[in-house]
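One structure is given below, encoded as structure tokens.
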Amino acid sequence: MRAIAIIFRREMAAYFATPVAYVFIVMFLVLSGAFTFYLGSFYERGQADLQPFFTFHPWLYLFLVPAISMRLWAEERKSGSIELLMTLPVTMLEAVLGKFLAAWCFCGIALALTFPIWLTVNYLGEPDNGVILAAYLGSLLMAGAFLAIGACISATTRNQVVAFILTVVVCFGFLLSGFPLVLDLFQGWAPQSLTDAIASLSFMTHFTTLMKGIVDLRAVVYFTLVIIFWLIANAVVLDLKKAS
Amino acid sequence: MIETERLTKRYGNLLAVDQLSFTVGQGEVLGFLGPNGAGKSTTMKMLAGFLSPTSGTARICGFDVEKDPVQAKRQIGYLPEGAPAYGEMTPRKFLEFIADIRDLRGQEKRRRLDQVIDTLHLEPVMEQPVDNLSKGYKRRVGLAQAIIHDPRVLILDEPTDGLDPNQKHEVRSLIRDMAADKIIIISTHILEEVHAVCHRAIIIARGRILADDTPEALEARSERHNAVTLRFAEAAPDDAVTALRALDGVASVGSGDDHSVTILPAGGGSLLPAVGRLALERGWQVAELQVEQGQLDTVFRQITTADAGEEART
């Protein structure tokens with residue numbers, strides 16, 4: 001536990017010691033604002049809710065979260081500091097969790113800084129704040145799932161660009177696994193049950209339920225399981241690298 | 001105590017470390033010598049717990065590096081090759097991070113921090129990011145990180161690489177000072193370093209131990225061990241070589257430039273008394289008379305290239 005906290009603190013400090021944190025936060029805020037007002041027609045809809053804001057989160061995360069996760073392990077491998085980290089008296093799981101939680105918390109900070117839009121919508125009308133809270137929760141969980149995937153992929157390579165591109169592709173697959181783009185690849189040859197299973201893995205479907213304000217336990221459990229699965233995979237990848 | 005048993009590491013088809021077995025006890029400073037790619041770093045990475053052995057075991061103070069990794073790592077201070085650190089951190093933040101994770105707290109933490117900063121003269125750079133430091137300072141930050149928790153075992157991969165002669169000297173005295181109550185393994189290319197700090201040297205090539213002995217005993221393997229070099233004040237007398245060759249226990253006599261002859265002993269015996277007597281009897285004008293220790297680097301070449309030749313024939 002203590003080791004996780006120490007690694008968490010170090011990672012967190014590292015984000016803010018470099019321009020990474022500021023660039024990420026500014027880009028996230030600018031893009032989410034631009035999407036909400038221009039593509040989401042925030043004003044024109046004439047409704048006091050944050051639907052147009054949250055609708056674009058999956059697409060924002062698709063490119064911004066891999067930019068955070070790509071450095072998690074690839075950078076350590078490149079600079080050699082992974083050798084230092086792995087020879088300190090911490091378990092693999094503590095290292096994986098410390099790093100992941102710091103990255104997740106960092107995304108959480110960026111997300112929390114979008115609060116002016118929540119103030120705006122409350123100023124303009126009387127939105128259902130329960131729905132907004134559920135949507136924020138869904139957004140945070142989805143960011144965690146993207147990050148866990150990215151962390152695992154980052155552990156496989158020392159090249160951050162490779163980590164970024166692979167993560168975008170895998171996340172894109174997960175995002176759209178309920179849509180024809182992905183399902184058509186399986187329909188026709190795979191059994192219906194497999195196609196259904198793949199369709200049920202879609203981030204988009206689960207996020208949409210939460211965004212609509214339904215705190216569906218299945219969606220929460222789903223994202224939690226995705227995070228746990230990919231973090232375990234992350235530890236396994238590190239173990240395999242150690243033995244290779 | 002560090003014990004390894006048939007420690008082996010294979011990368012695909014490449015056998016990097018081949019059934020290495022050795023034991024190092026407290027108070028010993030062991031030097032790993034070997035050509036590049038001999039398996040020195042790989043062995044150290046396995047001891048430190050960064051790589052898993054393909055087969056075989058390694059135990060650090062009784063803790064198996066694979067079965068009880070965290071306990072084993074607690075005993076070790078490790079300086080990886082190239083002294084990596086987190087570049088964006090200042091040495092102060094970095095060392096505090098290591099101290100925290102090594103479970104140093106309060107007074108003890110402050111005392112140990114002050115001590116390593118002082119020992120390695122890090123004070124002037126404590127607030128600059130590690131990325132901006134010179135190679136010498138980076139290496140010293142790496143060393144500070146390795147010794148901050150006063151570990152029982154120190155594994156240092158090329159600890160003096162990139163240091164200037166003064167810093168090298170200091171790091172060597174540091175290692176010597178810490179040696180008494182620790183187990184220290186260092187790897188190096190620099191053979192004089194083995195002399196300066198090691199009680200024992202293991203020469204490795206292609207993952208196997210070729211020699212395991214004290215530096216002095218290794219030198220004794222040189223054909224030049226106990227060779228006597230005699231330099232005449234003027235041109236060597238005509239009969240000198242013949243007369244020397246006739247002495248007991250002389251293997252061969254070679255003339256060098258600047259009026260000197262070198263007498264190689266047969267079987268490493270001492271020739272100095274006999275040569276001295278002869279010079280006196282004949283009334284030679286001797287400018288210099290010197291006994292050679294035999295050089296570690298010749299022995300190193302002898303051992304590592306002989307092995308390569310063998311390999312090529314089989």
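Starting from 1 in every chain, residues are counted up; chains themselves are A, B, ... following the order of the structure tokens, and ligands are numbered from 1 as listed.
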
Any idea what's packed within 7 Å of Leu120 of chain B, counting only C-alpha atoms, ignoring anything in its chain fewer than 2 positions away? Could you give it as a list in words?
-> Val116, Ile117, Asp118, Leu122, Arg140 and Ala144 of chain B

Produce a file of the selected residues containing all heavy atoms, as a PDB file, in the first residue's frame.
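Output file part05.pdb is given in full below:
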```pdb
ATOM      1  N   VAL B 116      24.804  10.551   2.340  1.00  0.00           N
ATOM      2  CA  VAL B 116      25.188  10.225   0.959  1.00  0.00           C
ATOM      3  C   VAL B 116      25.475  11.493   0.149  1.00  0.00           C
ATOM      4  O   VAL B 116      26.351  11.484  -0.707  1.00  0.00           O
ATOM      5  CB  VAL B 116      24.139   9.350   0.219  1.00  0.00           C
ATOM      6  CG1 VAL B 116      24.046   7.993   0.850  1.00  0.00           C
ATOM      7  CG2 VAL B 116      22.794  10.017   0.133  1.00  0.00           C
ATOM      8  N   ILE B 117      24.751  12.564   0.435  1.00  0.00           N
ATOM      9  CA  ILE B 117      25.006  13.820  -0.276  1.00  0.00           C
ATOM     10  C   ILE B 117      26.438  14.269   0.017  1.00  0.00           C
ATOM     11  O   ILE B 117      27.176  14.680  -0.877  1.00  0.00           O
ATOM     12  CB  ILE B 117      24.004  14.913   0.155  1.00  0.00           C
ATOM     13  CG1 ILE B 117      22.604  14.547  -0.321  1.00  0.00           C
ATOM     14  CG2 ILE B 117      24.414  16.277  -0.383  1.00  0.00           C
ATOM     15  CD1 ILE B 117      21.499  15.356   0.304  1.00  0.00           C
ATOM     16  N   ASP B 118      26.817  14.112   1.277  1.00  0.00           N
ATOM     17  CA  ASP B 118      28.160  14.503   1.689  1.00  0.00           C
ATOM     18  C   ASP B 118      29.223  13.570   1.103  1.00  0.00           C
ATOM     19  O   ASP B 118      30.202  14.018   0.520  1.00  0.00           O
ATOM     20  CB  ASP B 118      28.206  14.485   3.226  1.00  0.00           C
ATOM     21  CG  ASP B 118      29.501  15.044   3.730  1.00  0.00           C
ATOM     22  OD1 ASP B 118      29.828  16.177   3.328  1.00  0.00           O
ATOM     23  OD2 ASP B 118      30.189  14.350   4.498  1.00  0.00           O
ATOM     24  N   LEU B 122      27.349  15.799  -3.559  1.00  0.00           N
ATOM     25  CA  LEU B 122      26.251  16.140  -4.458  1.00  0.00           C
ATOM     26  C   LEU B 122      25.654  17.514  -4.160  1.00  0.00           C
ATOM     27  O   LEU B 122      24.826  18.005  -4.929  1.00  0.00           O
ATOM     28  CB  LEU B 122      25.141  15.083  -4.352  1.00  0.00           C
ATOM     29  CG  LEU B 122      25.494  13.716  -4.927  1.00  0.00           C
ATOM     30  CD1 LEU B 122      24.389  12.719  -4.620  1.00  0.00           C
ATOM     31  CD2 LEU B 122      25.706  13.793  -6.425  1.00  0.00           C
ATOM     32  N   ARG B 140      27.199   9.634  -9.877  1.00  0.00           N
ATOM     33  CA  ARG B 140      27.261   9.728  -8.415  1.00  0.00           C
ATOM     34  C   ARG B 140      25.867   9.734  -7.793  1.00  0.00           C
ATOM     35  O   ARG B 140      25.671   9.214  -6.701  1.00  0.00           O
ATOM     36  CB  ARG B 140      28.056  10.969  -8.009  1.00  0.00           C
ATOM     37  CG  ARG B 140      29.564  10.688  -8.131  1.00  0.00           C
ATOM     38  CD  ARG B 140      30.375  11.814  -7.605  1.00  0.00           C
ATOM     39  NE  ARG B 140      30.509  12.874  -8.588  1.00  0.00           N
ATOM     40  CZ  ARG B 140      30.886  14.106  -8.289  1.00  0.00           C
ATOM     41  NH1 ARG B 140      31.117  14.438  -7.042  1.00  0.00           N
ATOM     42  NH2 ARG B 140      31.008  14.997  -9.237  1.00  0.00           N
ATOM     43  N   ALA B 144      24.651   7.172  -5.067  1.00  0.00           N
ATOM     44  CA  ALA B 144      23.983   7.613  -3.834  1.00  0.00           C
ATOM     45  C   ALA B 144      22.702   6.815  -3.621  1.00  0.00           C
ATOM     46  O   ALA B 144      22.393   6.365  -2.520  1.00  0.00           O
ATOM     47  CB  ALA B 144      23.661   9.099  -3.933  1.00  0.00           C
TER      48      ALA B 144
END
```

If we count only C-alpha atoms, what is near Leu185 of chain A at a cut-off of 10 Å, once residues fewer than 5 positions away on the same chain are taken out, given as a count of residues only?
-> 3

Could you work out how far atom CA of Ala134 of chain A lies from atom CA of Phe164 of chain A, giving the answer in Å with one decimal?
->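 Calculated distance between atom CA of Phe164 of chain A and atom CA of Ala134 of chain A is 28.9 Å.
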
Would you give me, as a Markdown table, each residue of chain A having an atom within 12 Å of an atom of chain B, along with its shortest atom pair and that distance in Å to one decimal, using only C-alpha atoms and sorting by chain and residue number?
```
| residue | atom | partner | partner_atom | distance |
| --- | --- | --- | --- | --- |
| A:Met1 | CA | B:Ile101 | CA | 11.1 |
| A:Arg2 | CA | B:Ile101 | CA | 8.1 |
| A:Ala3 | CA | B:Ile101 | CA | 6.1 |
| A:Ile4 | CA | B:Ile101 | CA | 9.4 |
| A:Ala5 | CA | B:Ile101 | CA | 9.6 |
| A:Ile6 | CA | B:Ile101 | CA | 6.7 |
| A:Ile7 | CA | B:Ile101 | CA | 8.2 |
| A:Phe8 | CA | B:Phe97 | CA | 10.8 |
| A:Arg9 | CA | B:Phe97 | CA | 9.0 |
| A:Arg10 | CA | B:Phe97 | CA | 7.1 |
| A:Glu11 | CA | B:Tyr86 | CA | 10.2 |
| A:Met12 | CA | B:Met89 | CA | 11.7 |
| A:Ala13 | CA | B:Met89 | CA | 8.7 |
| A:Ala14 | CA | B:Glu88 | CA | 6.8 |
| A:Tyr15 | CA | B:Glu88 | CA | 9.5 |
| A:Phe16 | CA | B:Glu88 | CA | 9.9 |
| A:Ala17 | CA | B:Glu88 | CA | 6.6 |
| A:Thr18 | CA | B:Glu88 | CA | 7.2 |
| A:Pro19 | CA | B:Glu88 | CA | 10.9 |
| A:Val20 | CA | B:Glu88 | CA | 11.7 |
| A:Glu75 | CA | B:Tyr86 | CA | 10.0 |
| A:Glu76 | CA | B:Tyr86 | CA | 8.4 |
| A:Arg77 | CA | B:Pro84 | CA | 10.3 |
| A:Lys78 | CA | B:Pro84 | CA | 10.1 |
| A:Ser79 | CA | B:Pro84 | CA | 6.6 |
| A:Gly80 | CA | B:Pro84 | CA | 5.5 |
| A:Ser81 | CA | B:Pro84 | CA | 5.1 |
| A:Ile82 | CA | B:Pro84 | CA | 8.5 |
| A:Glu83 | CA | B:Phe50 | CA | 6.1 |
| A:Leu84 | CA | B:Pro80 | CA | 7.0 |
| A:Leu85 | CA | B:Phe50 | CA | 9.0 |
| A:Met86 | CA | B:Phe50 | CA | 5.9 |
| A:Thr87 | CA | B:Gly49 | CA | 5.8 |
| A:Leu88 | CA | B:Lys73 | CA | 6.1 |
| A:Pro89 | CA | B:Val70 | CA | 4.7 |
| A:Val90 | CA | B:Val70 | CA | 6.1 |
| A:Thr91 | CA | B:Val70 | CA | 6.7 |
| A:Met92 | CA | B:Val70 | CA | 9.8 |
| A:Leu93 | CA | B:Val70 | CA | 11.9 |
| A:Glu94 | CA | B:Ile101 | CA | 11.3 |
| A:Ala95 | CA | B:Ile101 | CA | 11.2 |
| A:Leu238 | CA | B:Phe50 | CA | 10.4 |
| A:Asp239 | CA | B:Ser52 | CA | 8.7 |
| A:Leu240 | CA | B:Ser52 | CA | 9.2 |
| A:Lys241 | CA | B:Leu51 | CA | 8.2 |
| A:Lys242 | CA | B:Leu51 | CA | 4.7 |
| A:Ala243 | CA | B:Ser52 | CA | 4.8 |
| A:Ser244 | CA | B:Tyr11 | CA | 6.4 |
```

Segment 15-32 of chain B environment, 7 Å, only C-alpha atoms, sequence neighbours closer than 6 positions dropped, as a ChimeraX atom specification | /B:1-9,39-40,43,179-188,194,197-203,206-209

So that I have them on file, write out the residues from the current selection with C-alpha atoms, as a short mmCIF file (atom, residue, chain, number, x, y, z; two decimals), in the first residue's frame.
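What follows is the written file result15.cif:
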```cif
data_model
loop_
_atom_site.label_atom_id
_atom_site.label_comp_id
_atom_site.auth_asym_id
_atom_site.auth_seq_id
_atom_site.Cartn_x
_atom_site.Cartn_y
_atom_site.Cartn_z
CA MET B 1 26.15 -14.18 1.37
CA ILE B 2 25.38 -14.36 -2.33
CA GLU B 3 25.13 -17.83 -3.77
CA THR B 4 24.36 -18.72 -7.35
CA GLU B 5 23.83 -22.21 -8.58
CA ARG B 6 24.06 -23.03 -12.26
CA LEU B 7 22.60 -19.62 -13.04
CA THR B 8 21.67 -19.53 -16.72
CA LYS B 9 20.16 -16.93 -19.02
CA GLY B 39 27.42 -11.81 -19.56
CA LYS B 40 28.57 -9.57 -16.72
CA THR B 43 24.41 -11.80 -14.35
CA ALA B 179 33.78 -3.31 2.01
CA ALA B 180 34.26 -4.57 5.55
CA ASP B 181 30.63 -5.19 6.46
CA LYS B 182 29.17 -5.67 3.00
CA ILE B 183 29.21 -7.95 0.05
CA ILE B 184 30.16 -5.99 -3.03
CA ILE B 185 30.12 -7.06 -6.64
CA ILE B 186 31.41 -4.67 -9.27
CA SER B 187 31.86 -5.11 -12.97
CA THR B 188 34.52 -3.25 -14.82
CA VAL B 194 40.39 -4.68 -9.90
CA VAL B 197 39.41 -2.49 -4.86
CA CYS B 198 38.80 -6.18 -5.43
CA HIS B 199 39.73 -9.06 -3.21
CA ARG B 200 38.73 -11.49 -5.84
CA ALA B 201 38.17 -11.42 -9.57
CA ILE B 202 36.05 -13.61 -11.78
CA ILE B 203 36.84 -13.50 -15.47
CA ARG B 206 30.60 -15.99 -23.28
CA GLY B 207 28.72 -16.55 -20.05
CA ARG B 208 31.19 -18.88 -18.43
CA ILE B 209 33.66 -18.47 -15.61
#
```

Taking into account only C-alpha atoms, which residue in the set B:Met44, B:Arg112, B:Asn13, B:Ile190 is nearest to Gly162 of chain B?
-> B:Ile190

Which of segment 62-188 of chain A DSSP labels alpha helix (DSSP H), written as a VMD selection string | chain A and resid 62 to 69 71 to 79 81 to 86 92 to 112 115 to 124 129 to 154 160 to 175 180 to 183

Which residues, written as a PyMOL selection string, have at least one atom at most 9 Å from segment 207-220 of chain A, with only C-alpha atoms counted and residues fewer than 4 positions away on the same chain left out?
-> chain A and resi 50-51+54-55+58+128+130-139+141-142+202-203+224-225

Find the residues near segment 267-275 of chain B: any atom within 12 Å, counting only C-alpha atoms, skip ones fewer than 2 places away on the same chain, and give them as a ChimeraX atom specification.
-> /B:217,219-231,240-241,243-253,261-265,277-282,284,286,289-294

Output N, CA and C atoms for every residue in that selection, as a compact mmCIF listing (two decimals), in the first residue's frame.
```txt
# COMPACT_ATOMS: atom_id res chain seq x y z
N ALA B 217 46.92 -13.63 -7.64
CA ALA B 217 47.09 -14.98 -8.19
C ALA B 217 46.87 -14.99 -9.69
N GLU B 219 47.57 -12.50 -11.68
CA GLU B 219 48.78 -11.94 -12.27
C GLU B 219 49.89 -12.97 -12.35
N ALA B 220 49.92 -13.85 -11.34
CA ALA B 220 50.96 -14.86 -11.31
C ALA B 220 50.85 -15.80 -12.49
N ARG B 221 49.67 -15.78 -13.14
CA ARG B 221 49.51 -16.64 -14.31
C ARG B 221 50.22 -16.07 -15.53
N SER B 222 50.61 -14.82 -15.44
CA SER B 222 51.29 -14.21 -16.57
C SER B 222 52.68 -14.78 -16.70
N GLU B 223 53.13 -14.97 -17.94
CA GLU B 223 54.49 -15.47 -18.14
C GLU B 223 55.52 -14.42 -17.73
N ARG B 224 55.06 -13.19 -17.64
CA ARG B 224 55.98 -12.15 -17.22
C ARG B 224 56.00 -11.97 -15.70
N HIS B 225 55.24 -12.81 -14.99
CA HIS B 225 55.23 -12.70 -13.55
C HIS B 225 56.63 -12.99 -13.01
N ASN B 226 57.16 -12.13 -12.17
CA ASN B 226 58.52 -12.25 -11.62
C ASN B 226 59.62 -12.09 -12.67
N ALA B 227 59.28 -11.61 -13.83
CA ALA B 227 60.34 -11.36 -14.82
C ALA B 227 61.20 -10.22 -14.30
N VAL B 228 62.50 -10.28 -14.61
CA VAL B 228 63.41 -9.24 -14.16
C VAL B 228 63.86 -8.43 -15.36
N THR B 229 63.74 -7.12 -15.26
CA THR B 229 64.23 -6.28 -16.34
C THR B 229 65.47 -5.54 -15.84
N LEU B 230 66.51 -5.64 -16.63
CA LEU B 230 67.79 -5.07 -16.25
C LEU B 230 68.14 -4.02 -17.30
N ARG B 231 68.36 -2.79 -16.84
CA ARG B 231 68.71 -1.76 -17.82
C ARG B 231 70.13 -1.32 -17.56
N ALA B 240 76.39 -10.48 -22.02
CA ALA B 240 75.32 -10.39 -20.99
C ALA B 240 74.20 -11.41 -21.23
N VAL B 241 73.70 -11.42 -22.45
CA VAL B 241 72.55 -12.29 -22.73
C VAL B 241 72.91 -13.75 -22.50
N ALA B 243 75.27 -14.97 -20.63
CA ALA B 243 75.51 -15.24 -19.21
C ALA B 243 74.19 -15.38 -18.45
N LEU B 244 73.25 -14.49 -18.78
CA LEU B 244 71.95 -14.53 -18.09
C LEU B 244 71.20 -15.80 -18.43
N ARG B 245 71.27 -16.17 -19.70
CA ARG B 245 70.55 -17.35 -20.15
C ARG B 245 71.07 -18.59 -19.41
N ALA B 246 72.35 -18.54 -19.01
CA ALA B 246 72.96 -19.70 -18.37
C ALA B 246 72.53 -19.85 -16.90
N LEU B 247 71.91 -18.80 -16.35
CA LEU B 247 71.50 -18.89 -14.94
C LEU B 247 70.44 -19.96 -14.74
N ASP B 248 70.37 -20.45 -13.49
CA ASP B 248 69.34 -21.44 -13.14
C ASP B 248 67.95 -20.81 -13.19
N GLY B 249 66.99 -21.55 -13.71
CA GLY B 249 65.59 -21.12 -13.64
C GLY B 249 65.23 -20.04 -14.63
N VAL B 250 66.09 -19.82 -15.62
CA VAL B 250 65.74 -18.80 -16.62
C VAL B 250 65.09 -19.47 -17.83
N ALA B 251 63.95 -18.95 -18.25
CA ALA B 251 63.28 -19.54 -19.40
C ALA B 251 63.79 -18.93 -20.69
N SER B 252 63.85 -17.61 -20.70
CA SER B 252 64.36 -16.95 -21.91
C SER B 252 64.82 -15.55 -21.56
N VAL B 253 65.62 -15.00 -22.44
CA VAL B 253 66.12 -13.65 -22.23
C VAL B 253 65.86 -12.87 -23.51
N VAL B 261 67.53 -5.63 -20.92
CA VAL B 261 67.20 -7.02 -21.23
C VAL B 261 66.15 -7.48 -20.24
N THR B 262 65.27 -8.34 -20.71
CA THR B 262 64.25 -8.87 -19.82
C THR B 262 64.44 -10.37 -19.69
N ILE B 263 64.48 -10.81 -18.44
CA ILE B 263 64.73 -12.23 -18.19
C ILE B 263 63.45 -12.86 -17.67
N LEU B 264 62.91 -13.81 -18.42
CA LEU B 264 61.68 -14.46 -18.00
C LEU B 264 62.01 -15.73 -17.23
N PRO B 265 61.37 -15.92 -16.08
CA PRO B 265 61.67 -17.10 -15.28
C PRO B 265 60.92 -18.32 -15.80
N ARG B 277 73.49 -10.95 -8.30
CA ARG B 277 74.84 -11.48 -8.05
C ARG B 277 75.68 -11.47 -9.31
N LEU B 278 75.06 -11.91 -10.40
CA LEU B 278 75.77 -11.96 -11.67
C LEU B 278 76.26 -10.58 -12.09
N ALA B 279 75.37 -9.61 -11.93
CA ALA B 279 75.73 -8.25 -12.33
C ALA B 279 76.91 -7.74 -11.51
N LEU B 280 76.90 -8.10 -10.22
CA LEU B 280 77.96 -7.68 -9.33
C LEU B 280 79.28 -8.34 -9.72
N GLU B 281 79.25 -9.64 -9.94
CA GLU B 281 80.43 -10.42 -10.32
C GLU B 281 81.09 -9.85 -11.57
N ARG B 282 80.23 -9.53 -12.55
CA ARG B 282 80.76 -9.08 -13.83
C ARG B 282 81.06 -7.59 -13.83
N TRP B 284 78.85 -5.12 -14.06
CA TRP B 284 78.04 -4.38 -15.04
C TRP B 284 77.59 -3.05 -14.48
N VAL B 286 74.77 -1.09 -13.94
CA VAL B 286 73.32 -1.27 -14.01
C VAL B 286 72.61 0.03 -13.63
N LEU B 289 67.07 -2.01 -12.08
CA LEU B 289 66.80 -3.43 -11.96
C LEU B 289 65.39 -3.55 -11.40
N GLN B 290 64.52 -4.25 -12.13
CA GLN B 290 63.11 -4.19 -11.75
C GLN B 290 62.46 -5.56 -11.88
N VAL B 291 61.62 -5.87 -10.88
CA VAL B 291 60.89 -7.13 -10.95
C VAL B 291 59.45 -6.82 -11.38
N GLU B 292 58.97 -7.52 -12.37
CA GLU B 292 57.62 -7.26 -12.83
C GLU B 292 56.61 -8.15 -12.11
N GLN B 293 55.41 -7.60 -11.92
CA GLN B 293 54.35 -8.38 -11.28
C GLN B 293 53.60 -9.24 -12.30
N GLY B 294 53.80 -8.92 -13.52
CA GLY B 294 52.95 -9.56 -14.53
C GLY B 294 51.73 -8.71 -14.63
```

Point out the residue among A:Phe28, A:Val121, A:Ile68, A:Cys152 with the least atom-to-atom distance to Gly46 of chain A, counting only C-alpha atoms.
-> A:Val121

Could you work out how far atom CA of Val170 of chain A lies from atom CA of Leu62 of chain A, giving the answer in Å with one decimal?
->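 Spanning atom CA of Leu62 of chain A to atom CA of Val170 of chain A is a straight-line distance of 9.6 Å.
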
Pick out the residues sitting within 6 Å of Phe232 of chain B, and hand them over as a ChimeraX atom specification; count only C-alpha atoms, and ignore anything fewer than 4 positions along from it in its own chain.
-> /B:236,259-260,285-287

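Put simply, atom CA of Leu296 of chain B is 8.6 Å away from atom CA of His195 of chain B.
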
Ile228 of chain A environment, 12 Å, only C-alpha atoms, sequence neighbours closer than 3 positions dropped, as a PyMOL selection string = chain A and resi 93+96-97+100-101+141+144-149+151-152+221-225+231-235

Prev. selection, N, CA, C and O atoms, output as a tab-separated table (two decimals), in the first residue's frame:
```
chain	number	residue	atom	x	y	z
A	93	LEU	N	2.82	-5.64	-9.02
A	93	LEU	CA	1.47	-5.11	-8.95
A	93	LEU	C	1.46	-3.70	-8.35
A	93	LEU	O	0.72	-2.82	-8.79
A	96	VAL	N	2.59	-1.35	-11.06
A	96	VAL	CA	1.54	-1.19	-12.07
A	96	VAL	C	0.43	-0.29	-11.54
A	96	VAL	O	-0.01	0.64	-12.21
A	97	LEU	N	0.00	-0.56	-10.30
A	97	LEU	CA	-1.11	0.21	-9.73
A	97	LEU	C	-0.72	1.66	-9.46
A	97	LEU	O	-1.48	2.58	-9.76
A	100	PHE	N	-0.66	3.44	-12.77
A	100	PHE	CA	-1.99	3.57	-13.36
A	100	PHE	C	-2.83	4.60	-12.59
A	100	PHE	O	-3.47	5.47	-13.19
A	101	LEU	N	-2.82	4.48	-11.27
A	101	LEU	CA	-3.66	5.37	-10.47
A	101	LEU	C	-3.26	6.82	-10.64
A	101	LEU	O	-4.11	7.72	-10.70
A	141	LEU	N	-14.73	6.55	-15.66
A	141	LEU	CA	-14.52	5.10	-15.79
A	141	LEU	C	-14.00	4.74	-17.17
A	141	LEU	O	-13.11	3.92	-17.33
A	144	GLY	N	-10.45	5.55	-17.48
A	144	GLY	CA	-9.66	4.52	-16.81
A	144	GLY	C	-9.47	3.29	-17.68
A	144	GLY	O	-8.38	2.72	-17.75
A	145	ALA	N	-10.53	2.91	-18.37
A	145	ALA	CA	-10.44	1.73	-19.25
A	145	ALA	C	-9.46	1.99	-20.40
A	145	ALA	O	-8.61	1.15	-20.71
A	146	PHE	N	-9.56	3.16	-21.00
A	146	PHE	CA	-8.61	3.53	-22.06
A	146	PHE	C	-7.18	3.50	-21.53
A	146	PHE	O	-6.26	3.00	-22.18
A	147	LEU	N	-7.02	4.06	-20.32
A	147	LEU	CA	-5.68	4.14	-19.74
A	147	LEU	C	-5.09	2.76	-19.46
A	147	LEU	O	-3.92	2.51	-19.69
A	148	ALA	N	-5.94	1.87	-18.92
A	148	ALA	CA	-5.45	0.53	-18.59
A	148	ALA	C	-4.99	-0.19	-19.85
A	148	ALA	O	-3.95	-0.86	-19.87
A	149	ILE	N	-5.75	-0.03	-20.94
A	149	ILE	CA	-5.35	-0.62	-22.22
A	149	ILE	C	-4.01	-0.02	-22.65
A	149	ILE	O	-3.07	-0.73	-23.00
A	151	ALA	N	-1.72	1.45	-20.84
A	151	ALA	CA	-0.60	1.09	-19.95
A	151	ALA	C	-0.04	-0.26	-20.35
A	151	ALA	O	1.17	-0.46	-20.43
A	152	CYS	N	-0.93	-1.20	-20.60
A	152	CYS	CA	-0.50	-2.55	-20.98
A	152	CYS	C	0.29	-2.52	-22.29
A	152	CYS	O	1.35	-3.12	-22.40
A	221	VAL	N	-19.66	-2.12	-13.45
A	221	VAL	CA	-18.91	-3.36	-13.29
A	221	VAL	C	-18.11	-3.65	-14.56
A	221	VAL	O	-16.95	-4.05	-14.49
A	222	TYR	N	-18.74	-3.39	-15.68
A	222	TYR	CA	-18.06	-3.65	-16.95
A	222	TYR	C	-16.74	-2.86	-17.04
A	222	TYR	O	-15.67	-3.44	-17.27
A	223	PHE	N	-16.81	-1.56	-16.82
A	223	PHE	CA	-15.59	-0.76	-16.93
A	223	PHE	C	-14.55	-1.18	-15.88
A	223	PHE	O	-13.35	-1.23	-16.16
A	224	THR	N	-15.04	-1.48	-14.66
A	224	THR	CA	-14.11	-1.91	-13.61
A	224	THR	C	-13.39	-3.20	-14.03
A	224	THR	O	-12.18	-3.34	-13.85
A	225	LEU	N	-14.15	-4.13	-14.59
A	225	LEU	CA	-13.53	-5.39	-15.01
A	225	LEU	C	-12.53	-5.17	-16.15
A	225	LEU	O	-11.47	-5.80	-16.17
A	231	LEU	N	-4.95	-4.29	-16.43
A	231	LEU	CA	-3.84	-4.08	-15.48
A	231	LEU	C	-3.13	-5.40	-15.18
A	231	LEU	O	-1.90	-5.45	-15.06
A	232	ILE	N	-3.93	-6.47	-15.07
A	232	ILE	CA	-3.29	-7.78	-14.88
A	232	ILE	C	-2.45	-8.12	-16.11
A	232	ILE	O	-1.31	-8.57	-16.01
A	233	ALA	N	-3.03	-7.85	-17.28
A	233	ALA	CA	-2.28	-8.09	-18.52
A	233	ALA	C	-0.98	-7.27	-18.52
A	233	ALA	O	0.07	-7.76	-18.94
A	234	ASN	N	-1.06	-6.06	-18.00
A	234	ASN	CA	0.11	-5.20	-17.90
A	234	ASN	C	1.20	-5.88	-17.06
A	234	ASN	O	2.36	-5.97	-17.47
A	235	ALA	N	0.81	-6.40	-15.88
A	235	ALA	CA	1.77	-7.07	-15.01
A	235	ALA	C	2.34	-8.32	-15.70
A	235	ALA	O	3.53	-8.61	-15.61
```

Within segment 24-271 of chain B, find each residue whose DSSP state, derived from the backbone, is strand (DSSP E), and express the selection as a ChimeraX atom specification.
-> /B:24,29-33,55-60,63-64,76-79,153-157,183-188,200-205,208-213,228-232,250-255,260-265
